[in-house]
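S.K.: Starting off with a structure, shown below.
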Amino acid sequence: MFFFLISVTLVLPAQAQQKDKKSSSSKKDTVSTTLDSLKAKQVSLDEVVITAKESKGLSTSSIIDRRAMKHLQPSSFTDLLSLLPGGRSQDPNLRSANLIGLRQTGTPSTDYDISSLGTSFLIDGAPISTRANMQYTAGLMNQSDANYKRDITGKGVDMRTLSTDQIERVEIIRGIPSVEYGDITNGVVKIIRKQGESGVEARIKADGFSKLAYVGKGFAFPDKKTFLNVDFDFLNSKSDPTNSFENFKRVNTSIRFNKLWENNTRDINFKSDLDYGTSFDNQRVDPDVDVLGIDKYKSEYNRLALSNNLDIDFHQQRFLKSIHLKSSLSMQHDQINQTKWVQTGAASILNPYTEAGVHTVGFLPANYTAHLLVDGKPVDVFLKAMAKMGFKSGKINHGILVGVEANYSKNLGRGQVFDPYLPPAAGMSTRPRAYKNIPATKDLSVFAEDLVDVNLGKHKLEMAAGVRATTMAGLSAIDPRVNALWALPKINIGAQKLQINLGAGIGWQSKFPVIAQLYPDYTYSDLEQLNYYHNNPEYRTASVMTYKFLAENKNLQPARNRKWELKAHFSMNRNRLSITYFKESMSNAFRNSTELKFMDFKRYDASVLDPNKITAAPDIKDLPYRDLKAMKLIGLVTNGSAIYKEGIEYRYNSPRINKINTRITVDGAWFKSVYENSLPVYKTKGLVIDNEEFIYAGLYNDDNGYIRSQLNTNATIDTYLPKIGLEFSTSIQSRWFSSSQNARKSGTPIEYVDVNGVTRPYTEADKKDKYLQWLNTDYSEELFVKNTIPLDVNVNFKVVKNFKDKVRVGMFVNRIFNYAPDYKVNGFTIRRSGFNSPYFGMELSFNL
């Protein structure tokens with residue numbers, strides 16, 4: 001508010017001087033010229049927007065331009081999401097993968113990663129494909145593993161790797177996109193980078209967690225129709241300012257060529273981009289915590305991409321308007337190098353074999369150092385051809401779009417590489433696997449769309465109706481989509497005119513499985529038959545029965561989302577208000593589920609041996625045994641997740657208030673997200689009853705489900721003072737409430753399976769059975785009680801000073817003020833006050 005008062009003090013005298021000049025002038029043309037000049041300045045000032053803008057097109061989307069990004073002062077693409085309706089400023093978290101989530105509140109578990117996987121990122125029209133990414137650490141994927149929070153296999157794009165300084169404009173389509181865009185369920189992020197001549201641009205930013213540097217320049221050739229842009233940026237971030245043992249580094253560089261040929265009949269524009277990006281995740285143990293200092297983790301990402309665009313626009317053709325050809329080739333070399341100190345305890349069996357059957361095996365050392373290399377080399381090829389035609393039928397104008405798109409993805413890496421005799425974890429269910437032996441994925445899409453606009457008197461109707469058909473590896477999907485926008489006649493309200501546009505749309509979007517989901521690794525189950533651990537190492541022996549399962553789901557289908565929405569846009573005297581109601585339904589998203597397997601094995605009795613008399617390791621042929629059966633749940637990717645979204649998004653933009661050059665922007669959203677398991681699931685119980693393992697599994701109709709909702713509003717007051725080169729904003733971010741609730745579920749199975757594979761219905765009588773009663777769980781009603789967190793308010797402040805448009809100094813403070821009162825849940829006080837400290841940073845930019 002201090003800067004706000006300064007702006008009033010600085011601007012009012014200038015306005016007063018203008019009024020004095022007007023009153024002393026007696027010439028009409030001078031007054032007219034002055035008024036025209038003031039109007040021109042007012043229009044240009046009003047076009048300065050430091051927040052996102054809602055698109056006026058058919059698809060619901062937000063547009064973030066260069067000026068908004070400069071004022072935001074971001075470190076990565078993740079920061080831009082705070083400008084979307086329902087978004088909120090967050091402190092950077094660069095220690096784990098940053099995944100996008102549109103129109104939802106929270107992602108309760110990895111079973112709902114389709115939210116990020118189903119969002120497509122396009123850079124100058126070329127997609128960032130993650131289909132061939134397989135940088136997971138097999139057998140170690142749990143929350144204690146260093147790669148758990150950084151793994152993006154089947155999760156989409158890690159936004160930490162995307163810098164914003166190269167970007168000129170971003171459009172984030174949240175609604176129903178054109179059929180031009182496919183292999184999506186949630187949305188499209190269209191990134192357009194800087195093109196054309198510019199001076200040397202440089203940016204240096206520092207905050208509590210990271211340091212960032214950027215430099216770029218645009219060169220123009222003598223013909224002024226050929227341009228070359230070069231960019232480079234570097235980011236170094238720590239997980240905590242006091243922790244030097246975990247950090248994230250990013251380097252991006254780009255060379256972009258643009259050539260334009262113009263004549264009376266057509267314009268030809270050719271663009272070619274060469275991009276290189278690399279990032280490093282490093283983590284090692286603090287020697288003050290672990291004196292051995294052995295545990296280390298390093299994840300390295302390297303991507304080289306070449307993309308080309310050829311656009312031909314025809315001037316004199318009546319039917320064919322333009323042709324667009326796009327292609328890209330990207331190659332990555334990604335590696336995870338992990339060193340672990342493994343402590344197994346005594347008598348941990350080691351089985352390095354990859355064949356099914358009975359194996360005589362040895363034992364792991366009590367402790368050892370294990371090394372794991374995950375070597376991935378994804379290759380992605382993208383080709384796209386489109387043509388736009390147009391014709392008129394009566395009063396109806398038709399714009400026809402037809403096109404074809406092809407994608408190829410393959411991983412040529414060595415895959416999971418480790419010493420099977422010193423595995424990264426005891427009892428691993430996987431073995432080393434070469435990614436280059438996994439088949440490639442290829443898909444082909446065709447699409448067609450008719451964009452219609454017609455004037456009906458003072459009414460105007462626009463509508464886009466199209467369909468996209470895609471096929472890949474025996475899978476197929478057909479996605480119809482329709483959007484409509486109706487512009488009503490302007491309504492006179494006093495001296496002003498109110499413009500109302502009403503819109504509606506419905507569409508289907510499909511996302512195809514990635515390579516890791518289509519072609520899973522073998523799962524190994526080693527059933528211990530004999531574990532004879534003698535004091536003399538020469539007499540030690542063990543026997544295992546190994547089962548080898550390929551948990552490949554032949555029935556896996558593309559995840560499919562149905563969207564529909566209603567929206568309204570109001571504008572009057574440069575006041576703009578947009579409201580959108582949407583509903584989304586996806587019942588077959590990808591999930592890491594399980595299937596039940598049954599196995600036979602023997603249990604040998606070594607108690608008949610006298611350890612003081614044996615002279616050699618015992619042979620299982622000489623030992624008595626019992627025939628046993630076992631059941632085990634094996635991992636399987638299914639279409640078992642359901643996500644249902646509903647919400648209202650809104651945004652209001654005022655014109656800049658005269659004299660103080662201040663604009664008010666109010667945006668926000670109410671979101672409700674329901675996450676469920678849409679398929680029955682098997683569950684086993686790890687019980688031992690009467691010295692016997694529990695040999696039953698239950699099939700349950702519902703699993704863990706979650707209901708999340710929240711309502712938030714962001715009010716931004718920004719002031720732009722071009723005469724003194726000052727701009728600043730105060731953002732009041734209010735989250736009126738957020739609630740979470742576990743969806744109701746029954747702990748009673750619909751049927752059960754015994755160890756022989758026999759299935760029977762589960763009855764009321766089974767609840768009293770000595771064994772079967774353990775399959776039933778009575779859940780307390782408290783588990784399903786709705787938990788609501790009341791209001792909390794953050795105030796953020798940003799200020800930028802420009803020095804003759806050459807030097808720009810910026811500063812931001814998040815949570816300069818925070819209001820988060822304590823509240824009670826079931827009589828217990830939840831304390832929030834005093835736990836949100838401010839977060840701030842500064843940056844310096846040059847434009848020479």
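Starting from 1 in every chain, residues are counted up; chains themselves are A, B, ... following the order of the structure tokens, and ligands are numbered from 1 as listed.
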Give me the residues near range 167-174 of chain A as a PyMOL selection string, where near means some atom within 6 Å (using only C-alpha atoms) and where sequence neighbours in that chain fewer than 2 positions away do not count.

M.R.: chain A and resi 60-66+164-165+187-194

S.K.: Those residues you just picked out, can you put them in a file as a PDB file, in the first residue's frame with N, CA, C and O atoms?

M.R.:
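Result file result-v9.pdb:
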```pdb
ATOM      1  N   THR A  60     -12.305 -22.751 -24.125  1.00  0.00           N
ATOM      2  CA  THR A  60     -11.999 -22.048 -22.882  1.00  0.00           C
ATOM      3  C   THR A  60     -10.511 -22.170 -22.593  1.00  0.00           C
ATOM      4  O   THR A  60      -9.986 -23.271 -22.413  1.00  0.00           O
ATOM      5  N   SER A  61      -9.839 -21.039 -22.542  1.00  0.00           N
ATOM      6  CA  SER A  61      -8.401 -21.059 -22.339  1.00  0.00           C
ATOM      7  C   SER A  61      -7.947 -19.756 -21.706  1.00  0.00           C
ATOM      8  O   SER A  61      -8.643 -18.740 -21.747  1.00  0.00           O
ATOM      9  N   SER A  62      -6.758 -19.807 -21.107  1.00  0.00           N
ATOM     10  CA  SER A  62      -6.109 -18.630 -20.535  1.00  0.00           C
ATOM     11  C   SER A  62      -4.860 -18.322 -21.336  1.00  0.00           C
ATOM     12  O   SER A  62      -4.115 -19.237 -21.710  1.00  0.00           O
ATOM     13  N   ILE A  63      -4.633 -17.033 -21.570  1.00  0.00           N
ATOM     14  CA  ILE A  63      -3.477 -16.585 -22.338  1.00  0.00           C
ATOM     15  C   ILE A  63      -2.566 -15.775 -21.418  1.00  0.00           C
ATOM     16  O   ILE A  63      -3.014 -14.834 -20.758  1.00  0.00           O
ATOM     17  N   ILE A  64      -1.320 -16.170 -21.367  1.00  0.00           N
ATOM     18  CA  ILE A  64      -0.320 -15.504 -20.544  1.00  0.00           C
ATOM     19  C   ILE A  64       0.755 -14.969 -21.483  1.00  0.00           C
ATOM     20  O   ILE A  64       1.446 -15.745 -22.141  1.00  0.00           O
ATOM     21  N   ASP A  65       0.890 -13.643 -21.556  1.00  0.00           N
ATOM     22  CA  ASP A  65       1.861 -13.072 -22.488  1.00  0.00           C
ATOM     23  C   ASP A  65       3.163 -12.740 -21.771  1.00  0.00           C
ATOM     24  O   ASP A  65       3.337 -12.953 -20.572  1.00  0.00           O
ATOM     25  N   ARG A  66       4.088 -12.180 -22.551  1.00  0.00           N
ATOM     26  CA  ARG A  66       5.430 -11.919 -22.039  1.00  0.00           C
ATOM     27  C   ARG A  66       5.414 -10.934 -20.873  1.00  0.00           C
ATOM     28  O   ARG A  66       6.144 -11.095 -19.896  1.00  0.00           O
ATOM     29  N   THR A 164      10.940 -20.196 -18.650  1.00  0.00           N
ATOM     30  CA  THR A 164       9.939 -19.270 -19.193  1.00  0.00           C
ATOM     31  C   THR A 164      10.563 -18.109 -19.953  1.00  0.00           C
ATOM     32  O   THR A 164       9.847 -17.369 -20.634  1.00  0.00           O
ATOM     33  N   ASP A 165      11.868 -17.923 -19.862  1.00  0.00           N
ATOM     34  CA  ASP A 165      12.478 -16.734 -20.464  1.00  0.00           C
ATOM     35  C   ASP A 165      12.480 -16.783 -21.985  1.00  0.00           C
ATOM     36  O   ASP A 165      12.579 -15.739 -22.633  1.00  0.00           O
ATOM     37  N   GLY A 187      -6.095 -31.328 -21.081  1.00  0.00           N
ATOM     38  CA  GLY A 187      -5.908 -30.005 -21.645  1.00  0.00           C
ATOM     39  C   GLY A 187      -4.695 -29.933 -22.545  1.00  0.00           C
ATOM     40  O   GLY A 187      -3.984 -30.922 -22.760  1.00  0.00           O
ATOM     41  N   VAL A 188      -4.457 -28.717 -23.066  1.00  0.00           N
ATOM     42  CA  VAL A 188      -3.348 -28.464 -23.986  1.00  0.00           C
ATOM     43  C   VAL A 188      -2.624 -27.208 -23.525  1.00  0.00           C
ATOM     44  O   VAL A 188      -3.261 -26.189 -23.207  1.00  0.00           O
ATOM     45  N   VAL A 189      -1.294 -27.284 -23.482  1.00  0.00           N
ATOM     46  CA  VAL A 189      -0.460 -26.126 -23.167  1.00  0.00           C
ATOM     47  C   VAL A 189       0.323 -25.770 -24.432  1.00  0.00           C
ATOM     48  O   VAL A 189       1.190 -26.528 -24.859  1.00  0.00           O
ATOM     49  N   LYS A 190      -0.019 -24.635 -25.019  1.00  0.00           N
ATOM     50  CA  LYS A 190       0.620 -24.188 -26.266  1.00  0.00           C
ATOM     51  C   LYS A 190       1.630 -23.097 -25.931  1.00  0.00           C
ATOM     52  O   LYS A 190       1.262 -22.004 -25.493  1.00  0.00           O
ATOM     53  N   ILE A 191       2.901 -23.406 -26.159  1.00  0.00           N
ATOM     54  CA  ILE A 191       3.994 -22.477 -25.860  1.00  0.00           C
ATOM     55  C   ILE A 191       4.525 -21.911 -27.175  1.00  0.00           C
ATOM     56  O   ILE A 191       4.951 -22.667 -28.055  1.00  0.00           O
ATOM     57  N   ILE A 192       4.486 -20.602 -27.296  1.00  0.00           N
ATOM     58  CA  ILE A 192       5.037 -19.911 -28.465  1.00  0.00           C
ATOM     59  C   ILE A 192       6.248 -19.120 -27.992  1.00  0.00           C
ATOM     60  O   ILE A 192       6.150 -18.277 -27.090  1.00  0.00           O
ATOM     61  N   ARG A 193       7.393 -19.371 -28.627  1.00  0.00           N
ATOM     62  CA  ARG A 193       8.618 -18.727 -28.172  1.00  0.00           C
ATOM     63  C   ARG A 193       8.942 -17.472 -28.994  1.00  0.00           C
ATOM     64  O   ARG A 193       8.358 -17.215 -30.033  1.00  0.00           O
ATOM     65  N   LYS A 194       9.897 -16.727 -28.485  1.00  0.00           N
ATOM     66  CA  LYS A 194      10.257 -15.444 -29.099  1.00  0.00           C
ATOM     67  C   LYS A 194      10.782 -15.644 -30.522  1.00  0.00           C
ATOM     68  O   LYS A 194      11.545 -16.565 -30.789  1.00  0.00           O
TER      69      LYS A 194
END
```

S.K.: Which residues are close to Asn308 in chain A, i.e. within 10 Å by only C-alpha atoms, leaving aside same-chain residues fewer than 3 positions away? Reply as a PDB file with all heavy atoms, in the first residue's frame.

M.R.:
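The resulting file, result-v6.pdb, is reproduced below:
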```pdb
ATOM      1  N   ASP A 124       6.063 -24.432 -29.901  1.00  0.00           N
ATOM      2  CA  ASP A 124       6.020 -24.023 -31.310  1.00  0.00           C
ATOM      3  C   ASP A 124       5.399 -25.111 -32.177  1.00  0.00           C
ATOM      4  O   ASP A 124       5.858 -25.404 -33.286  1.00  0.00           O
ATOM      5  CB  ASP A 124       7.430 -23.675 -31.820  1.00  0.00           C
ATOM      6  CG  ASP A 124       7.998 -22.440 -31.132  1.00  0.00           C
ATOM      7  OD1 ASP A 124       7.204 -21.591 -30.697  1.00  0.00           O
ATOM      8  OD2 ASP A 124       9.228 -22.334 -31.022  1.00  0.00           O
ATOM      9  N   GLY A 125       4.357 -25.740 -31.658  1.00  0.00           N
ATOM     10  CA  GLY A 125       3.609 -26.744 -32.402  1.00  0.00           C
ATOM     11  C   GLY A 125       4.116 -28.153 -32.273  1.00  0.00           C
ATOM     12  O   GLY A 125       3.432 -29.097 -32.680  1.00  0.00           O
ATOM     13  N   ALA A 126       5.311 -28.364 -31.692  1.00  0.00           N
ATOM     14  CA  ALA A 126       5.886 -29.706 -31.557  1.00  0.00           C
ATOM     15  C   ALA A 126       5.641 -30.231 -30.148  1.00  0.00           C
ATOM     16  O   ALA A 126       5.904 -29.525 -29.166  1.00  0.00           O
ATOM     17  CB  ALA A 126       7.377 -29.694 -31.855  1.00  0.00           C
ATOM     18  N   ARG A 256      16.790 -20.757 -32.986  1.00  0.00           N
ATOM     19  CA  ARG A 256      15.565 -20.777 -33.780  1.00  0.00           C
ATOM     20  C   ARG A 256      15.746 -19.921 -35.032  1.00  0.00           C
ATOM     21  O   ARG A 256      16.116 -18.745 -34.944  1.00  0.00           O
ATOM     22  CB  ARG A 256      14.380 -20.271 -32.943  1.00  0.00           C
ATOM     23  CG  ARG A 256      14.185 -21.073 -31.669  1.00  0.00           C
ATOM     24  CD  ARG A 256      12.956 -20.657 -30.902  1.00  0.00           C
ATOM     25  NE  ARG A 256      13.035 -19.291 -30.415  1.00  0.00           N
ATOM     26  CZ  ARG A 256      13.685 -18.917 -29.319  1.00  0.00           C
ATOM     27  NH1 ARG A 256      14.351 -19.821 -28.611  1.00  0.00           N
ATOM     28  NH2 ARG A 256      13.680 -17.661 -28.933  1.00  0.00           N
ATOM     29  N   PHE A 257      15.456 -20.523 -36.182  1.00  0.00           N
ATOM     30  CA  PHE A 257      15.600 -19.857 -37.483  1.00  0.00           C
ATOM     31  C   PHE A 257      14.215 -19.626 -38.077  1.00  0.00           C
ATOM     32  O   PHE A 257      13.350 -20.510 -38.030  1.00  0.00           O
ATOM     33  CB  PHE A 257      16.444 -20.733 -38.418  1.00  0.00           C
ATOM     34  CG  PHE A 257      16.557 -20.202 -39.818  1.00  0.00           C
ATOM     35  CD1 PHE A 257      17.464 -19.193 -40.126  1.00  0.00           C
ATOM     36  CD2 PHE A 257      15.757 -20.698 -40.823  1.00  0.00           C
ATOM     37  CE1 PHE A 257      17.560 -18.704 -41.414  1.00  0.00           C
ATOM     38  CE2 PHE A 257      15.841 -20.215 -42.122  1.00  0.00           C
ATOM     39  CZ  PHE A 257      16.751 -19.217 -42.419  1.00  0.00           C
ATOM     40  N   ASN A 258      14.022 -18.439 -38.633  1.00  0.00           N
ATOM     41  CA  ASN A 258      12.720 -18.081 -39.201  1.00  0.00           C
ATOM     42  C   ASN A 258      12.939 -17.337 -40.509  1.00  0.00           C
ATOM     43  O   ASN A 258      13.662 -16.332 -40.547  1.00  0.00           O
ATOM     44  CB  ASN A 258      11.941 -17.196 -38.204  1.00  0.00           C
ATOM     45  CG  ASN A 258      10.519 -16.944 -38.663  1.00  0.00           C
ATOM     46  OD1 ASN A 258      10.109 -17.397 -39.717  1.00  0.00           O
ATOM     47  ND2 ASN A 258       9.775 -16.200 -37.873  1.00  0.00           N
ATOM     48  N   PHE A 270       8.976 -20.425 -43.043  1.00  0.00           N
ATOM     49  CA  PHE A 270       9.680 -21.637 -42.625  1.00  0.00           C
ATOM     50  C   PHE A 270      10.375 -21.361 -41.295  1.00  0.00           C
ATOM     51  O   PHE A 270      11.092 -20.370 -41.141  1.00  0.00           O
ATOM     52  CB  PHE A 270      10.707 -22.067 -43.667  1.00  0.00           C
ATOM     53  CG  PHE A 270      11.569 -23.232 -43.226  1.00  0.00           C
ATOM     54  CD1 PHE A 270      11.042 -24.512 -43.152  1.00  0.00           C
ATOM     55  CD2 PHE A 270      12.899 -23.033 -42.872  1.00  0.00           C
ATOM     56  CE1 PHE A 270      11.820 -25.581 -42.729  1.00  0.00           C
ATOM     57  CE2 PHE A 270      13.687 -24.097 -42.453  1.00  0.00           C
ATOM     58  CZ  PHE A 270      13.141 -25.370 -42.387  1.00  0.00           C
ATOM     59  N   LYS A 271      10.159 -22.257 -40.325  1.00  0.00           N
ATOM     60  CA  LYS A 271      10.780 -22.146 -39.014  1.00  0.00           C
ATOM     61  C   LYS A 271      11.495 -23.447 -38.690  1.00  0.00           C
ATOM     62  O   LYS A 271      10.948 -24.535 -38.916  1.00  0.00           O
ATOM     63  CB  LYS A 271       9.739 -21.851 -37.931  1.00  0.00           C
ATOM     64  CG  LYS A 271       8.985 -20.548 -38.119  1.00  0.00           C
ATOM     65  CD  LYS A 271       7.938 -20.375 -37.027  1.00  0.00           C
ATOM     66  CE  LYS A 271       7.129 -19.112 -37.240  1.00  0.00           C
ATOM     67  NZ  LYS A 271       6.073 -18.953 -36.198  1.00  0.00           N
ATOM     68  N   SER A 272      12.669 -23.322 -38.149  1.00  0.00           N
ATOM     69  CA  SER A 272      13.431 -24.499 -37.725  1.00  0.00           C
ATOM     70  C   SER A 272      14.044 -24.210 -36.362  1.00  0.00           C
ATOM     71  O   SER A 272      14.701 -23.181 -36.177  1.00  0.00           O
ATOM     72  CB  SER A 272      14.522 -24.831 -38.741  1.00  0.00           C
ATOM     73  OG  SER A 272      15.194 -26.025 -38.380  1.00  0.00           O
ATOM     74  N   ASP A 273      13.819 -25.108 -35.420  1.00  0.00           N
ATOM     75  CA  ASP A 273      14.287 -24.925 -34.045  1.00  0.00           C
ATOM     76  C   ASP A 273      15.185 -26.080 -33.646  1.00  0.00           C
ATOM     77  O   ASP A 273      14.856 -27.258 -33.891  1.00  0.00           O
ATOM     78  CB  ASP A 273      13.119 -24.866 -33.060  1.00  0.00           C
ATOM     79  CG  ASP A 273      12.140 -23.751 -33.379  1.00  0.00           C
ATOM     80  OD1 ASP A 273      12.512 -22.840 -34.149  1.00  0.00           O
ATOM     81  OD2 ASP A 273      11.008 -23.796 -32.860  1.00  0.00           O
ATOM     82  N   LEU A 274      16.306 -25.755 -33.045  1.00  0.00           N
ATOM     83  CA  LEU A 274      17.202 -26.749 -32.470  1.00  0.00           C
ATOM     84  C   LEU A 274      17.315 -26.456 -30.977  1.00  0.00           C
ATOM     85  O   LEU A 274      17.736 -25.366 -30.584  1.00  0.00           O
ATOM     86  CB  LEU A 274      18.581 -26.692 -33.132  1.00  0.00           C
ATOM     87  CG  LEU A 274      19.612 -27.717 -32.629  1.00  0.00           C
ATOM     88  CD1 LEU A 274      19.148 -29.142 -32.916  1.00  0.00           C
ATOM     89  CD2 LEU A 274      20.985 -27.456 -33.240  1.00  0.00           C
ATOM     90  N   LEU A 325       2.738 -27.792 -42.404  1.00  0.00           N
ATOM     91  CA  LEU A 325       3.503 -29.022 -42.232  1.00  0.00           C
ATOM     92  C   LEU A 325       4.388 -28.871 -41.005  1.00  0.00           C
ATOM     93  O   LEU A 325       5.107 -27.872 -40.861  1.00  0.00           O
ATOM     94  CB  LEU A 325       4.360 -29.309 -43.467  1.00  0.00           C
ATOM     95  CG  LEU A 325       3.620 -29.413 -44.806  1.00  0.00           C
ATOM     96  CD1 LEU A 325       4.609 -29.569 -45.952  1.00  0.00           C
ATOM     97  CD2 LEU A 325       2.635 -30.575 -44.795  1.00  0.00           C
ATOM     98  N   LYS A 326       4.338 -29.849 -40.121  1.00  0.00           N
ATOM     99  CA  LYS A 326       5.123 -29.806 -38.887  1.00  0.00           C
ATOM    100  C   LYS A 326       5.837 -31.137 -38.704  1.00  0.00           C
ATOM    101  O   LYS A 326       5.280 -32.198 -38.993  1.00  0.00           O
ATOM    102  CB  LYS A 326       4.230 -29.543 -37.670  1.00  0.00           C
ATOM    103  CG  LYS A 326       3.395 -28.262 -37.761  1.00  0.00           C
ATOM    104  CD  LYS A 326       2.486 -28.132 -36.549  1.00  0.00           C
ATOM    105  CE  LYS A 326       1.540 -26.939 -36.698  1.00  0.00           C
ATOM    106  NZ  LYS A 326       2.265 -25.667 -36.645  1.00  0.00           N
ATOM    107  N   SER A 327       7.052 -31.071 -38.201  1.00  0.00           N
ATOM    108  CA  SER A 327       7.801 -32.292 -37.904  1.00  0.00           C
ATOM    109  C   SER A 327       8.751 -32.024 -36.743  1.00  0.00           C
ATOM    110  O   SER A 327       9.187 -30.883 -36.538  1.00  0.00           O
ATOM    111  CB  SER A 327       8.597 -32.775 -39.124  1.00  0.00           C
ATOM    112  OG  SER A 327       9.644 -31.864 -39.432  1.00  0.00           O
ATOM    113  N   SER A 328       9.050 -33.073 -36.022  1.00  0.00           N
ATOM    114  CA  SER A 328      10.039 -32.939 -34.953  1.00  0.00           C
ATOM    115  C   SER A 328      10.682 -34.293 -34.685  1.00  0.00           C
ATOM    116  O   SER A 328      10.053 -35.340 -34.851  1.00  0.00           O
ATOM    117  CB  SER A 328       9.408 -32.391 -33.664  1.00  0.00           C
ATOM    118  OG  SER A 328       8.574 -33.349 -33.056  1.00  0.00           O
ATOM    119  N   LEU A 329      11.931 -34.236 -34.292  1.00  0.00           N
ATOM    120  CA  LEU A 329      12.698 -35.409 -33.880  1.00  0.00           C
ATOM    121  C   LEU A 329      13.382 -35.057 -32.570  1.00  0.00           C
ATOM    122  O   LEU A 329      14.123 -34.071 -32.499  1.00  0.00           O
ATOM    123  CB  LEU A 329      13.733 -35.784 -34.938  1.00  0.00           C
ATOM    124  CG  LEU A 329      14.785 -36.822 -34.527  1.00  0.00           C
ATOM    125  CD1 LEU A 329      14.140 -38.167 -34.237  1.00  0.00           C
ATOM    126  CD2 LEU A 329      15.875 -36.958 -35.586  1.00  0.00           C
ATOM    127  N   LEU A 383       5.103 -36.163 -36.914  1.00  0.00           N
ATOM    128  CA  LEU A 383       4.801 -35.624 -38.245  1.00  0.00           C
ATOM    129  C   LEU A 383       3.339 -35.183 -38.274  1.00  0.00           C
ATOM    130  O   LEU A 383       2.453 -35.905 -37.786  1.00  0.00           O
ATOM    131  CB  LEU A 383       5.041 -36.670 -39.336  1.00  0.00           C
ATOM    132  CG  LEU A 383       6.473 -37.208 -39.489  1.00  0.00           C
ATOM    133  CD1 LEU A 383       6.489 -38.390 -40.450  1.00  0.00           C
ATOM    134  CD2 LEU A 383       7.410 -36.110 -39.978  1.00  0.00           C
TER     135      LEU A 383
END
```

S.K.: Could you find all residues in range 549-662 of chain A that DSSP calls strand (DSSP E) from the backbone, and write them as a VMD selection string?

M.R.: chain A and resid 549 to 550 559 to 572 575 to 604 625 to 653 662

S.K.: Please tabulate, as JSON lines, the residues of range 344-371 of chain A that come within 12 Å of range 596-603 of chain A, each with its closest pair of atoms and the distance in Å to one decimal, counting only C-alpha atoms and ordering rows by chain, then residue number upward.

M.R.:
```
{"residue": "A:Ala356", "atom": "CA", "partner": "A:Met599", "partner_atom": "CA", "distance": 11.8}
{"residue": "A:Gly357", "atom": "CA", "partner": "A:Phe601", "partner_atom": "CA", "distance": 9.9}
{"residue": "A:Val358", "atom": "CA", "partner": "A:Phe601", "partner_atom": "CA", "distance": 9.1}
{"residue": "A:His359", "atom": "CA", "partner": "A:Phe601", "partner_atom": "CA", "distance": 11.9}
```

S.K.: Write the residues you've just listed into a file as a compact mmCIF listing (two decimals), in the first residue's frame, and include all heavy atoms for each of them.

M.R.:
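The resulting part.txt:
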```
# COMPACT_ATOMS: atom_id res chain seq x y z
N ALA A 356 12.08 -69.63 -14.81
CA ALA A 356 11.15 -70.19 -13.83
C ALA A 356 11.58 -71.61 -13.47
O ALA A 356 12.19 -72.32 -14.28
CB ALA A 356 9.73 -70.18 -14.40
N GLY A 357 11.26 -72.02 -12.25
CA GLY A 357 11.59 -73.37 -11.83
C GLY A 357 12.28 -73.38 -10.48
O GLY A 357 12.38 -72.37 -9.78
N VAL A 358 12.80 -74.58 -10.12
CA VAL A 358 13.48 -74.78 -8.84
C VAL A 358 14.95 -74.41 -9.01
O VAL A 358 15.61 -74.84 -9.96
CB VAL A 358 13.34 -76.23 -8.36
CG1 VAL A 358 14.12 -76.44 -7.07
CG2 VAL A 358 11.87 -76.58 -8.16
N HIS A 359 15.47 -73.61 -8.05
CA HIS A 359 16.87 -73.18 -8.09
C HIS A 359 17.50 -73.36 -6.72
O HIS A 359 16.88 -73.04 -5.69
CB HIS A 359 16.99 -71.72 -8.50
CG HIS A 359 16.39 -71.41 -9.85
ND1 HIS A 359 16.96 -71.79 -11.03
CD2 HIS A 359 15.23 -70.76 -10.18
CE1 HIS A 359 16.21 -71.39 -12.04
NE2 HIS A 359 15.15 -70.76 -11.55
```

S.K.: Would you mind telling me which residue in A:Gln195, A:Asn269, A:Ser738, A:Thr78 lies nearest to Ser254 in chain A when using only C-alpha atoms?

M.R.: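 Under the stated criterion, the closest residue is A:Gln195.
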
S.K.: Leaving out Ile648 in chain A and any residue of its chain fewer than 2 positions from it, which residues lie within 12 Å of it when counting only C-alpha atoms, given as a list in words?

M.R.: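 Contacts, in chain order: Pro85, Gly86, Arg103, Gln104, Glu565, Leu566, Lys567, Ala568, Ser578, Ile579, Thr580, Tyr581, Phe582, Lys583, Lys645, Glu646, Tyr650, Arg651, Asp667, Gly668, Ala669, Trp670, Phe671, Lys672, Ser709, Gln710, Leu711, Asn712 and Thr713 of chain A.
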
S.K.: So which residues touch Ile830 in chain A within 12 Å, counting only C-alpha atoms, skipping near sequence neighbours fewer than 2 positions away, as a list in words?

M.R.: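 Counting only C-alpha atoms, the residues come to Asn787, Thr788, Ile789, Pro790, Ala820, Pro821, Asp822, Tyr823, Lys824, Val825, Asn826, Gly827, Phe828, Arg832, Ser833 and Phe835 of chain A.
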
S.K.: How far is it from CA of Thr130 in chain A to CA of Pro558 in chain A, in Å with one decimal?

M.R.: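 About the pair CA of Thr130 in chain A and CA of Pro558 in chain A: they are 15.9 Å apart.
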
S.K.: Against range 633-637 of chain A, which residues of range 655-753 of chain A fall within 9 Å? For each one I want the closest pair of atoms and the distance in Å (one decimal), counting only C-alpha atoms, rows by chain and increasing residue number, as JSON lines.

M.R.:
```
{"residue": "A:Tyr682", "atom": "CA", "partner": "A:Leu633", "partner_atom": "CA", "distance": 7.9}
{"residue": "A:Lys683", "atom": "CA", "partner": "A:Leu633", "partner_atom": "CA", "distance": 8.0}
{"residue": "A:Thr684", "atom": "CA", "partner": "A:Leu633", "partner_atom": "CA", "distance": 7.9}
```
